[in-house]
>>> print(open('run09.cif').read())   # mmCIF, C-alpha atoms
data_my_file
#
loop_
_atom_site.label_atom_id
_atom_site.label_comp_id
_atom_site.auth_asym_id
_atom_site.auth_seq_id
_atom_site.Cartn_x
_atom_site.Cartn_y
_atom_site.Cartn_z
CA MET A 1 70.82 58.57 -124.95
CA LYS A 2 69.16 55.37 -126.21
CA LYS A 3 65.75 54.49 -127.64
CA ILE A 4 64.18 51.75 -125.52
CA ASP A 5 61.36 49.45 -126.69
CA VAL A 6 59.03 49.10 -123.70
CA HIS A 7 57.45 45.88 -125.02
CA ASP A 8 60.88 44.29 -125.44
CA ILE A 9 61.74 44.94 -121.77
CA ILE A 10 58.45 43.54 -120.47
CA ASP A 11 58.28 40.54 -122.83
CA ASN A 12 61.78 39.33 -121.98
CA ALA A 13 61.97 40.28 -118.30
CA PRO A 14 62.76 37.65 -115.65
CA PHE A 15 60.02 36.87 -113.13
CA THR A 16 60.68 39.20 -110.19
CA ARG A 17 59.06 40.22 -106.90
CA PHE A 18 57.41 43.05 -108.85
CA HIS A 19 55.52 40.56 -111.05
CA TRP A 20 54.58 38.54 -107.97
CA MET A 21 53.19 41.69 -106.33
CA VAL A 22 51.14 42.72 -109.38
CA MET A 23 49.70 39.19 -109.72
CA CYS A 24 48.77 39.00 -106.02
CA LEU A 25 47.15 42.45 -105.97
CA CYS A 26 45.13 41.78 -109.14
CA ALA A 27 44.10 38.37 -107.77
CA LEU A 28 43.04 40.04 -104.51
CA LEU A 29 40.89 42.51 -106.46
CA LEU A 30 39.23 39.62 -108.30
CA ILE A 31 38.64 37.79 -105.00
CA PHE A 32 36.58 40.76 -103.79
CA ASP A 33 34.92 40.97 -107.23
CA GLY A 34 34.01 37.27 -107.09
CA TYR A 35 32.65 37.58 -103.53
CA ASP A 36 30.31 40.39 -104.56
CA LEU A 37 29.07 38.49 -107.60
CA PHE A 38 28.55 35.05 -106.01
CA ILE A 39 26.90 36.48 -102.90
CA TYR A 40 23.50 36.49 -104.63
CA GLY A 41 23.45 32.71 -105.04
CA VAL A 42 24.33 32.36 -101.34
CA VAL A 43 21.49 34.52 -100.02
CA LEU A 44 18.90 33.59 -102.67
CA PRO A 45 17.09 30.82 -100.71
CA VAL A 46 16.68 33.17 -97.71
CA LEU A 47 15.54 36.14 -99.84
CA MET A 48 12.93 34.07 -101.68
CA LYS A 49 11.45 32.98 -98.36
CA GLU A 50 11.61 36.41 -96.66
CA TRP A 51 10.26 38.49 -99.57
CA GLY A 52 7.98 35.82 -101.06
CA LEU A 53 9.69 35.93 -104.44
CA THR A 54 8.59 33.65 -107.25
CA PRO A 55 11.41 31.79 -109.02
CA LEU A 56 11.01 34.03 -112.09
CA GLN A 57 11.25 37.20 -109.95
CA ALA A 58 14.34 35.80 -108.22
CA GLY A 59 15.93 34.99 -111.59
CA ALA A 60 15.28 38.52 -112.84
CA LEU A 61 16.76 39.96 -109.64
CA GLY A 62 19.89 37.87 -110.20
CA SER A 63 20.28 39.25 -113.72
CA TYR A 64 20.39 42.93 -112.69
CA ALA A 65 24.02 42.72 -111.59
CA LEU A 66 24.89 41.01 -114.88
CA PHE A 67 23.23 43.79 -116.89
CA GLY A 68 25.35 46.19 -114.85
CA MET A 69 28.48 44.17 -115.64
CA MET A 70 27.82 44.43 -119.36
CA PHE A 71 27.52 48.24 -119.23
CA GLY A 72 30.38 48.57 -116.72
CA ALA A 73 32.81 46.70 -118.98
CA LEU A 74 31.96 49.03 -121.88
CA CYS A 75 32.07 52.30 -119.89
CA PHE A 76 35.01 51.78 -117.53
CA GLY A 77 37.25 50.19 -120.13
CA THR A 78 37.09 53.38 -122.19
CA LEU A 79 37.34 55.63 -119.11
CA ALA A 80 40.47 53.84 -117.86
CA ASP A 81 42.19 54.52 -121.18
CA LYS A 82 41.72 58.25 -120.46
CA ILE A 83 42.36 58.51 -116.70
CA GLY A 84 44.65 55.51 -116.16
CA ARG A 85 44.03 51.91 -115.10
CA LYS A 86 44.85 52.60 -111.45
CA LYS A 87 42.16 55.30 -111.08
CA GLY A 88 39.71 53.23 -113.13
CA ILE A 89 40.24 50.21 -110.87
CA ALA A 90 39.85 52.38 -107.73
CA ILE A 91 36.54 53.86 -108.97
CA CYS A 92 35.17 50.41 -109.86
CA PHE A 93 36.33 48.95 -106.53
CA VAL A 94 34.61 51.67 -104.49
CA LEU A 95 31.49 51.40 -106.66
CA PHE A 96 30.89 47.67 -106.30
CA SER A 97 31.98 47.43 -102.65
CA GLY A 98 29.92 50.47 -101.62
CA ALA A 99 26.81 49.30 -103.49
CA THR A 100 27.17 45.81 -101.98
CA VAL A 101 27.35 47.23 -98.44
CA LEU A 102 24.23 49.33 -99.14
CA ASN A 103 22.47 46.17 -100.37
CA GLY A 104 22.39 45.05 -96.74
CA PHE A 105 20.02 47.95 -95.99
CA ALA A 106 17.59 47.12 -98.85
CA SER A 107 14.02 46.68 -97.60
CA GLY A 108 12.55 45.20 -100.78
CA PRO A 109 13.31 43.73 -104.22
CA THR A 110 13.25 47.11 -106.04
CA GLU A 111 15.96 48.75 -103.90
CA PHE A 112 17.92 45.51 -103.89
CA GLY A 113 17.78 45.21 -107.70
CA ILE A 114 18.92 48.82 -108.29
CA LEU A 115 21.89 48.40 -105.94
CA ARG A 116 22.81 45.07 -107.56
CA PHE A 117 22.86 46.84 -110.94
CA VAL A 118 25.20 49.52 -109.55
CA ALA A 119 27.44 46.86 -108.00
CA GLY A 120 27.48 45.10 -111.38
CA LEU A 121 28.75 48.28 -113.04
CA GLY A 122 31.79 48.23 -110.75
CA CYS A 123 32.36 44.47 -111.06
CA GLY A 124 32.13 44.62 -114.84
CA GLY A 125 34.55 47.53 -115.03
CA LEU A 126 37.14 46.14 -112.63
CA MET A 127 37.65 42.72 -114.19
CA PRO A 128 38.87 43.76 -117.68
CA ASN A 129 41.09 46.50 -116.22
CA ALA A 130 42.74 44.12 -113.74
CA VAL A 131 43.25 41.52 -116.48
CA ALA A 132 44.68 44.16 -118.83
CA LEU A 133 47.11 45.40 -116.15
CA MET A 134 48.35 41.87 -115.40
CA ASN A 135 48.63 41.13 -119.12
CA GLU A 136 50.63 44.32 -119.67
CA TYR A 137 53.30 43.55 -117.05
CA ALA A 138 53.59 39.75 -117.44
CA PRO A 139 56.66 38.40 -119.30
CA LYS A 140 55.63 36.87 -122.62
CA ARG A 141 56.61 33.28 -121.77
CA LEU A 142 54.53 33.35 -118.55
CA ARG A 143 51.63 35.53 -119.68
CA SER A 144 48.94 32.84 -120.02
CA THR A 145 49.94 31.14 -116.77
CA LEU A 146 50.02 34.35 -114.71
CA VAL A 147 46.68 35.55 -116.08
CA ALA A 148 45.15 32.10 -115.35
CA ILE A 149 46.46 32.14 -111.76
CA MET A 150 45.19 35.71 -111.31
CA PHE A 151 41.78 34.72 -112.74
CA SER A 152 41.49 31.98 -110.12
CA GLY A 153 41.02 34.80 -107.58
CA TYR A 154 37.51 35.19 -109.00
CA ALA A 155 36.71 31.59 -108.03
CA VAL A 156 38.36 32.03 -104.62
CA GLY A 157 35.94 34.95 -104.10
CA GLY A 158 33.06 32.56 -104.80
CA MET A 159 34.48 30.09 -102.27
CA LEU A 160 34.84 32.91 -99.72
CA SER A 161 31.24 33.95 -100.32
CA ALA A 162 29.97 30.42 -99.70
CA GLY A 163 32.22 29.94 -96.64
CA VAL A 164 31.16 33.23 -95.06
CA GLY A 165 27.53 32.37 -95.82
CA MET A 166 27.76 29.02 -94.04
CA TYR A 167 28.91 30.83 -90.88
CA MET A 168 27.01 34.12 -90.99
CA LEU A 169 23.61 33.33 -92.51
CA PRO A 170 22.29 31.19 -89.62
CA ARG A 171 23.72 33.55 -86.98
CA PHE A 172 23.35 37.11 -88.34
CA GLY A 173 20.98 36.93 -91.32
CA TRP A 174 21.46 37.71 -95.03
CA GLU A 175 22.16 41.42 -94.40
CA ALA A 176 25.47 40.61 -92.66
CA MET A 177 26.73 38.96 -95.86
CA PHE A 178 26.56 42.35 -97.60
CA PHE A 179 27.90 44.34 -94.66
CA ALA A 180 31.01 42.12 -94.80
CA ALA A 181 31.87 43.78 -98.14
CA ALA A 182 32.97 46.83 -96.12
CA VAL A 183 36.16 44.97 -95.13
CA PRO A 184 37.74 45.22 -98.62
CA LEU A 185 37.15 48.99 -98.56
CA LEU A 186 39.52 49.20 -95.57
CA LEU A 187 42.22 47.57 -97.70
CA LEU A 188 41.78 49.99 -100.61
CA PRO A 189 44.52 52.44 -99.48
CA VAL A 190 47.03 49.56 -99.23
CA ILE A 191 46.08 48.18 -102.65
CA MET A 192 46.29 51.60 -104.32
CA LEU A 193 49.64 52.34 -102.66
CA PHE A 194 51.33 49.28 -104.16
CA LEU A 195 49.36 48.74 -107.40
CA PRO A 196 51.38 50.16 -110.33
CA GLU A 197 49.91 52.37 -113.03
CA SER A 198 49.86 51.10 -116.62
CA VAL A 199 53.28 51.83 -118.13
CA GLY A 200 51.61 52.38 -121.51
CA PHE A 201 49.39 55.09 -119.99
CA LEU A 202 52.42 56.78 -118.39
CA VAL A 203 54.32 56.82 -121.70
CA ARG A 204 51.32 58.26 -123.57
CA GLN A 205 50.96 60.94 -120.88
CA GLY A 206 54.64 61.90 -121.21
CA ARG A 207 55.37 60.81 -117.61
CA SER A 208 58.62 59.16 -118.67
CA ASP A 209 60.37 59.35 -115.28
CA GLN A 210 57.61 57.30 -113.61
CA ALA A 211 57.56 54.86 -116.54
CA ARG A 212 61.35 54.36 -116.33
CA ALA A 213 61.12 53.75 -112.57
CA LEU A 214 58.50 51.03 -113.13
CA LEU A 215 60.50 49.40 -115.94
CA ASN A 216 63.56 49.28 -113.68
CA ARG A 217 61.42 47.27 -111.24
CA VAL A 218 60.18 45.02 -114.07
CA ASP A 219 63.76 44.22 -115.12
CA PRO A 220 66.36 45.63 -112.69
CA ALA A 221 69.24 44.41 -114.90
CA ARG A 222 68.33 46.95 -117.63
CA LYS A 223 69.24 49.96 -115.42
CA LEU A 224 67.48 52.58 -117.55
CA GLN A 225 69.02 56.06 -117.47
CA ALA A 226 67.21 59.39 -117.16
CA ASP A 227 68.02 60.35 -120.76
CA ASP A 228 66.77 57.06 -122.30
CA THR A 229 63.78 57.58 -124.61
CA LEU A 230 60.89 55.13 -124.19
CA GLU A 231 59.04 53.90 -127.28
CA MET A 232 55.89 51.80 -127.59
CA VAL A 233 54.64 50.32 -130.84
CA ASP A 234 50.87 50.13 -130.48
CA GLY A 235 49.76 46.74 -131.74
CA LYS A 236 46.08 47.62 -131.89
CA GLY A 237 44.31 48.02 -135.21
CA LYS A 238 42.48 51.20 -136.08
CA GLY A 239 38.96 50.38 -134.99
CA ALA A 240 38.43 47.28 -137.10
CA ALA A 241 34.83 46.92 -138.32
CA VAL A 242 32.78 44.01 -137.03
CA LEU A 243 32.39 42.79 -140.63
CA GLU A 244 36.12 41.96 -140.62
CA LEU A 245 35.35 39.11 -138.22
CA PHE A 246 33.37 37.43 -141.02
CA ARG A 247 35.77 37.97 -143.90
CA GLU A 248 38.56 35.74 -145.28
CA GLY A 249 36.83 32.52 -144.22
CA ARG A 250 36.31 33.54 -140.59
CA ALA A 251 32.48 33.62 -140.56
CA VAL A 252 31.81 30.03 -139.40
CA ARG A 253 34.50 30.10 -136.71
CA THR A 254 33.41 33.54 -135.46
CA LEU A 255 29.82 32.31 -135.04
CA SER A 256 31.11 29.12 -133.37
CA ILE A 257 33.08 31.13 -130.81
CA TRP A 258 30.07 33.36 -130.11
CA VAL A 259 27.86 30.31 -129.48
CA ALA A 260 30.49 28.79 -127.17
CA PHE A 261 30.89 32.04 -125.17
CA PHE A 262 27.10 32.42 -124.82
CA CYS A 263 26.58 28.82 -123.65
CA CYS A 264 29.58 28.81 -121.30
CA LEU A 265 28.58 31.94 -119.40
CA LEU A 266 24.94 30.81 -119.32
CA MET A 267 26.02 27.63 -117.48
CA VAL A 268 28.37 29.54 -115.15
CA TYR A 269 25.75 32.00 -113.91
CA ALA A 270 22.83 29.55 -113.91
CA LEU A 271 24.82 27.26 -111.60
CA SER A 272 26.29 29.99 -109.38
CA SER A 273 22.84 31.61 -108.91
CA TRP A 274 20.67 28.52 -108.47
CA LEU A 275 22.81 25.62 -107.19
CA PRO A 276 22.15 26.31 -103.45
CA LYS A 277 18.41 26.76 -104.02
CA LEU A 278 18.10 23.62 -106.17
CA MET A 279 19.96 21.56 -103.58
CA ALA A 280 17.83 23.03 -100.76
CA ASN A 281 14.71 21.99 -102.73
CA ALA A 282 16.19 18.50 -103.07
CA GLY A 283 16.18 18.17 -99.28
CA TYR A 284 19.71 19.23 -98.33
CA SER A 285 20.15 21.70 -95.46
CA LEU A 286 21.15 25.30 -96.20
CA GLY A 287 24.65 24.64 -94.85
CA SER A 288 25.09 21.63 -97.16
CA SER A 289 23.69 23.59 -100.11
CA LEU A 290 26.27 26.34 -99.56
CA SER A 291 29.07 23.78 -99.25
CA PHE A 292 28.12 22.65 -102.77
CA LEU A 293 28.77 26.21 -104.00
CA LEU A 294 32.12 26.02 -102.21
CA ALA A 295 32.96 22.80 -104.11
CA LEU A 296 31.88 24.39 -107.42
CA ASN A 297 34.35 27.25 -106.99
CA LEU A 298 37.13 25.03 -105.64
CA GLY A 299 36.84 22.98 -108.81
CA SER A 300 36.94 26.11 -110.94
CA VAL A 301 40.35 27.10 -109.50
CA VAL A 302 41.75 23.74 -110.60
CA GLY A 303 40.01 24.05 -113.97
CA ALA A 304 41.31 27.57 -114.62
CA ILE A 305 44.96 26.74 -113.87
CA GLY A 306 44.89 23.18 -115.25
CA GLY A 307 43.00 24.26 -118.37
CA GLY A 308 45.52 27.03 -119.03
CA TRP A 309 48.36 24.50 -118.67
CA LEU A 310 46.66 22.03 -121.06
CA GLY A 311 45.81 24.79 -123.54
CA ASP A 312 49.48 25.82 -123.79
CA ARG A 313 50.55 22.25 -124.56
CA MET A 314 47.72 20.77 -126.68
CA ASN A 315 45.33 21.71 -129.46
CA LEU A 316 43.18 24.34 -127.71
CA PRO A 317 39.87 23.81 -129.60
CA ARG A 318 40.05 20.05 -128.85
CA VAL A 319 40.67 20.76 -125.16
CA LEU A 320 37.59 23.02 -125.19
CA VAL A 321 35.48 20.29 -126.82
CA ALA A 322 36.56 17.84 -124.10
CA PHE A 323 35.87 20.36 -121.31
CA PHE A 324 32.37 21.15 -122.60
CA ILE A 325 31.48 17.44 -122.96
CA VAL A 326 32.66 16.74 -119.40
CA ALA A 327 30.70 19.81 -118.17
CA SER A 328 27.51 18.60 -119.84
CA VAL A 329 27.83 15.06 -118.42
CA SER A 330 28.76 16.16 -114.88
CA ILE A 331 25.92 18.73 -114.66
CA SER A 332 23.38 16.17 -115.97
CA LEU A 333 24.39 13.71 -113.23
CA LEU A 334 23.87 16.27 -110.44
CA GLY A 335 20.12 15.66 -110.46
CA PHE A 336 20.46 11.98 -109.54
CA LYS A 337 20.88 10.58 -106.05
CA THR A 338 24.53 9.67 -105.52
CA PRO A 339 26.76 9.19 -102.46
CA MET A 340 27.91 12.53 -101.01
CA PRO A 341 31.60 12.15 -102.00
CA VAL A 342 30.54 11.44 -105.61
CA LEU A 343 28.16 14.42 -105.56
CA TYR A 344 30.90 16.77 -104.35
CA LEU A 345 33.25 15.40 -107.02
CA LEU A 346 30.65 15.97 -109.76
CA ILE A 347 30.08 19.56 -108.59
CA ALA A 348 33.83 20.24 -108.51
CA VAL A 349 34.22 18.82 -112.03
CA ALA A 350 31.29 20.97 -113.21
CA GLY A 351 33.01 24.06 -111.74
CA ALA A 352 36.32 23.16 -113.38
CA THR A 353 34.76 22.70 -116.82
CA THR A 354 32.41 25.72 -116.79
CA ILE A 355 33.99 28.57 -114.79
CA GLY A 356 37.50 27.35 -115.66
CA THR A 357 36.63 27.12 -119.37
CA GLN A 358 36.06 30.89 -119.67
CA ILE A 359 39.81 31.52 -119.71
CA LEU A 360 40.37 28.90 -122.42
CA LEU A 361 37.72 30.53 -124.59
CA TYR A 362 39.41 33.94 -124.29
CA ALA A 363 42.75 32.35 -125.21
CA CYS A 364 41.19 30.56 -128.20
CA ALA A 365 39.64 33.78 -129.52
CA ALA A 366 42.90 35.69 -129.02
CA GLN A 367 44.84 33.04 -130.99
CA PHE A 368 42.27 32.90 -133.78
CA TYR A 369 41.97 36.61 -134.61
CA GLY A 370 44.89 38.50 -136.11
CA LEU A 371 46.45 41.44 -134.29
CA SER A 372 44.57 44.08 -136.29
CA ILE A 373 41.11 42.70 -135.37
CA ARG A 374 41.91 40.97 -132.05
CA SER A 375 40.38 43.64 -129.79
CA THR A 376 37.20 43.71 -131.89
CA GLY A 377 36.97 39.90 -131.91
CA LEU A 378 37.48 39.57 -128.16
CA GLY A 379 35.11 42.45 -127.40
CA TRP A 380 32.25 41.01 -129.46
CA ALA A 381 32.77 37.45 -128.19
CA SER A 382 32.76 38.72 -124.60
CA GLY A 383 29.65 40.84 -125.25
CA ILE A 384 27.74 37.89 -126.71
CA GLY A 385 28.85 35.80 -123.73
CA ARG A 386 27.61 38.43 -121.30
CA ASN A 387 24.12 38.01 -122.80
CA GLY A 388 24.37 34.32 -121.89
CA ALA A 389 25.26 35.34 -118.33
CA ILE A 390 22.08 37.44 -118.17
CA VAL A 391 19.94 34.57 -119.52
CA GLY A 392 21.38 32.02 -117.01
CA PRO A 393 19.63 33.22 -113.82
CA LEU A 394 16.42 33.90 -115.77
CA LEU A 395 16.44 30.37 -117.19
CA GLY A 396 16.92 28.91 -113.71
CA GLY A 397 14.00 30.94 -112.38
CA ALA A 398 11.75 29.92 -115.28
CA LEU A 399 12.58 26.22 -114.79
CA LEU A 400 11.89 26.34 -111.05
CA GLY A 401 8.67 28.23 -111.72
CA ILE A 402 7.19 25.33 -113.69
CA ASN A 403 8.15 22.81 -110.96
CA LEU A 404 10.19 20.42 -113.07
CA PRO A 405 11.80 17.40 -111.37
CA LEU A 406 15.34 18.07 -110.12
CA GLN A 407 16.89 15.84 -112.81
CA LEU A 408 15.27 17.83 -115.62
CA ASN A 409 16.47 21.15 -114.14
CA PHE A 410 20.09 20.01 -114.24
CA MET A 411 19.68 18.43 -117.68
CA ALA A 412 18.40 21.78 -118.96
CA PHE A 413 21.53 23.45 -117.51
CA ALA A 414 23.66 20.80 -119.26
CA ILE A 415 22.20 21.31 -122.76
CA PRO A 416 24.23 24.52 -123.40
CA GLY A 417 27.40 22.49 -122.69
CA ALA A 418 26.51 20.02 -125.45
CA ILE A 419 25.74 22.90 -127.84
CA ALA A 420 29.06 24.59 -126.98
CA ALA A 421 30.96 21.31 -127.58
CA LEU A 422 29.31 20.99 -130.99
CA ALA A 423 30.18 24.63 -131.79
CA MET A 424 33.87 24.01 -130.99
CA VAL A 425 33.85 20.84 -133.16
CA VAL A 426 32.56 23.00 -136.03
CA PHE A 427 35.25 25.60 -135.20
CA SER A 428 37.98 22.95 -135.31
CA LEU A 429 36.76 21.34 -138.55
CA SER A 430 36.32 24.72 -140.23
CA GLY A 431 39.85 25.68 -139.23
CA ARG A 432 41.22 22.45 -140.70
CA SER A 433 39.33 23.09 -143.97
CA ALA A 434 40.72 26.63 -144.11
CA VAL A 435 44.29 25.34 -143.64
CA GLN A 436 43.81 22.72 -146.40
CA ALA A 437 42.32 25.31 -148.78
CA GLN A 438 45.24 27.67 -148.13
CA SER A 439 47.71 24.81 -148.71
CA LEU A 440 46.10 23.97 -152.07
CA ALA A 441 46.14 27.65 -153.06
CA ASP A 442 49.83 27.89 -152.18
CA ARG A 443 50.62 24.81 -154.28
CA ALA A 444 48.65 26.17 -157.24
CA ALA A 445 50.48 29.48 -156.99
CA ALA A 446 53.84 27.65 -156.89
#
>>> encode(input="run09.cif", output="structure tokens")
Amino acid sequence: MKKIDVHDIIDNAPFTRFHWMVMCLCALLLIFDGYDLFIYGVVLPVLMKEWGLTPLQAGALGSYALFGMMFGALCFGTLADKIGRKKGIAICFVLFSGATVLNGFASGPTEFGILRFVAGLGCGGLMPNAVALMNEYAPKRLRSTLVAIMFSGYAVGGMLSAGVGMYMLPRFGWEAMFFAAAVPLLLLPVIMLFLPESVGFLVRQGRSDQARALLNRVDPARKLQADDTLEMVDGKGKGAAVLELFREGRAVRTLSIWVAFFCCLLMVYALSSWLPKLMANAGYSLGSSLSFLLALNLGSVVGAIGGGWLGDRMNLPRVLVAFFIVASVSISLLGFKTPMPVLYLLIAVAGATTIGTQILLYACAAQFYGLSIRSTGLGWASGIGRNGAIVGPLLGGALLGINLPLQLNFMAFAIPGAIAALAMVVFSLSGRSAVQAQSLADRAAA
């Protein structure tokens, strides 16, 4: 009989077919999640015309799902810790897919908004659980890369939404876009058959036989025996207070990260909600406007994977500063008349440096906060960012409502990028000052 450290097995495991399967299944879940979230931007021009919505009403309608996401992340994260990640993911999946299908039957903005809120609850709950499951099973040396690749499924969902919209909207109407969300429900039994449960949950529940079977798939060379005892050292702190994020010289950098999260998600959801409508107002056909959304999400796939690769090899705060500056410039230029190839390139770059930057921000926050306060730091940064996501569609609606020229609309969307770049410069300089102060203190003590 041996005592086996579960984290040691997972951290040092070779990359196997099991890891490939978990990554693909989690990415598939995020593809469906992304489809259900980006679908609003696809159908928005049609809904505004059919229901006579003002831009401000349309912006508010777009924010309902994001309110739901905020509450869903809080509720289903806690619930999954009690019932298991697999059940939590299944509940969230059924919730957002079912509510999205029902959205196709909505006869007015009120019903539509309520169902979007419910769908947001499921979307918000699924994403952190899928990310946590991938993070739990990924070998340590590949963790950032695998999570980045998995996260790109979210952008692929946005591309799928735009592609389906280009085909279905002119032929079958906006309702068919929502009815198409029934297809993922047919795949749910397959996903739940192959998706593994959290090994940490199994160990805490005393289901050691199932945990050992999973670990043998993670690293077949270990060949765990029935009498081996599994141990897990929980790295989480004991409910660190929010005030800890501001102690020991962390206040300036904590506020900088919060500002960057808020601005980044504001840009992401302002663009994803309003890009097709803004381009339609600029004189492009609906099909062309949706192809711009396709380019935005295609760029974000490259940004997510490329940004993760750069972040592992360079100074992460400096990479973030560069990404935010490029985002601000590329979004500003969208309002000016340019040749179509240049316009598509600008939109792809904007997608890469806004949607792709989310992952880099999470990695930066995780590296900054110590283990004992990491969960608190990430939770609060994400929560502040989610408020930016809610503001994004509302800001777009308010800007369209006052009939600004197209150039000024995009410049307004670009301003948060400049603010976020400045915030990360402050973060970087504050970190350097903290290192120098600690170095002087160490010398004085010596």
>>> resolve_selection(input="run09.cif", expression="the PyMOL selection byres ((chain A and resi 384-401) around 6)", output="list in words")
Pro55, Leu56, Gly59, Ala60, Gly62, Ser63, Leu66, Phe261, Phe262, Leu265, Leu266, Tyr269, Ala270, Ala381, Ser382, Gly383, Ile402 and Asn403 of chain A
>>> resolve_selection(input="run09.cif", expression="the PyMOL selection byres ((chain A and resi 86) around 8)", output="list in words")
Ala80, Gly84, Arg85, Lys87, Gly88, Ile89, Ala90, Met192, Leu195, Pro196, Glu197 and Ser198 of chain A
>>> write_last_selection(input="run09.cif", atoms="C-alpha atoms", output="PDB file, in the frame of the given file")
ATOM      1  CA  ALA A  80      40.470  53.840-117.860  1.00  0.00           C
ATOM      2  CA  GLY A  84      44.650  55.510-116.160  1.00  0.00           C
ATOM      3  CA  ARG A  85      44.030  51.910-115.100  1.00  0.00           C
ATOM      4  CA  LYS A  87      42.160  55.300-111.080  1.00  0.00           C
ATOM      5  CA  GLY A  88      39.710  53.230-113.130  1.00  0.00           C
ATOM      6  CA  ILE A  89      40.240  50.210-110.870  1.00  0.00           C
ATOM      7  CA  ALA A  90      39.850  52.380-107.730  1.00  0.00           C
ATOM      8  CA  MET A 192      46.290  51.600-104.320  1.00  0.00           C
ATOM      9  CA  LEU A 195      49.360  48.740-107.400  1.00  0.00           C
ATOM     10  CA  PRO A 196      51.380  50.160-110.330  1.00  0.00           C
ATOM     11  CA  GLU A 197      49.910  52.370-113.030  1.00  0.00           C
ATOM     12  CA  SER A 198      49.860  51.100-116.620  1.00  0.00           C
TER      13      SER A 198
END
>>> resolve_selection(input="run09.cif", expression="the PyMOL selection byres ((chain A and resi 92) around 12)", output="tab-separated table (two decimals) with C-alpha atoms, keeping the file's coordinate frame")
chain	number	residue	atom	x	y	z
A	29	LEU	CA	40.89	42.51	-106.46
A	30	LEU	CA	39.23	39.62	-108.30
A	32	PHE	CA	36.58	40.76	-103.79
A	33	ASP	CA	34.92	40.97	-107.23
A	68	GLY	CA	25.35	46.19	-114.85
A	69	MET	CA	28.48	44.17	-115.64
A	72	GLY	CA	30.38	48.57	-116.72
A	73	ALA	CA	32.81	46.70	-118.98
A	75	CYS	CA	32.07	52.30	-119.89
A	76	PHE	CA	35.01	51.78	-117.53
A	77	GLY	CA	37.25	50.19	-120.13
A	79	LEU	CA	37.34	55.63	-119.11
A	80	ALA	CA	40.47	53.84	-117.86
A	85	ARG	CA	44.03	51.91	-115.10
A	86	LYS	CA	44.85	52.60	-111.45
A	87	LYS	CA	42.16	55.30	-111.08
A	88	GLY	CA	39.71	53.23	-113.13
A	89	ILE	CA	40.24	50.21	-110.87
A	90	ALA	CA	39.85	52.38	-107.73
A	91	ILE	CA	36.54	53.86	-108.97
A	93	PHE	CA	36.33	48.95	-106.53
A	94	VAL	CA	34.61	51.67	-104.49
A	95	LEU	CA	31.49	51.40	-106.66
A	96	PHE	CA	30.89	47.67	-106.30
A	97	SER	CA	31.98	47.43	-102.65
A	98	GLY	CA	29.92	50.47	-101.62
A	99	ALA	CA	26.81	49.30	-103.49
A	118	VAL	CA	25.20	49.52	-109.55
A	119	ALA	CA	27.44	46.86	-108.00
A	120	GLY	CA	27.48	45.10	-111.38
A	121	LEU	CA	28.75	48.28	-113.04
A	122	GLY	CA	31.79	48.23	-110.75
A	123	CYS	CA	32.36	44.47	-111.06
A	124	GLY	CA	32.13	44.62	-114.84
A	125	GLY	CA	34.55	47.53	-115.03
A	126	LEU	CA	37.14	46.14	-112.63
A	127	MET	CA	37.65	42.72	-114.19
A	128	PRO	CA	38.87	43.76	-117.68
A	129	ASN	CA	41.09	46.50	-116.22
A	130	ALA	CA	42.74	44.12	-113.74
A	185	LEU	CA	37.15	48.99	-98.56
A	188	LEU	CA	41.78	49.99	-100.61
>>> atom_distance(input="run09.cif", atom1="CA of Ala180 (chain A)", atom2="CA of Ile83 (chain A)")
29.6 Å
>>> closest_residue(input="run09.cif", among="A:Leu360, A:Val342, A:Ile9, A:Met424", to="Asn216 (chain A)", atoms="only C-alpha atoms")
A:Ile9
>>> atom_distance(input="run09.cif", atom1="CA of Leu146 (chain A)", atom2="CA of Cys26 (chain A)")
10.5 Å
>>> closest_residue(input="run09.cif", among="A:Leu404, A:Ile347, A:Leu202, A:Ala420", to="Ala322 (chain A)", atoms="all atoms listed in the file")
A:Ala420
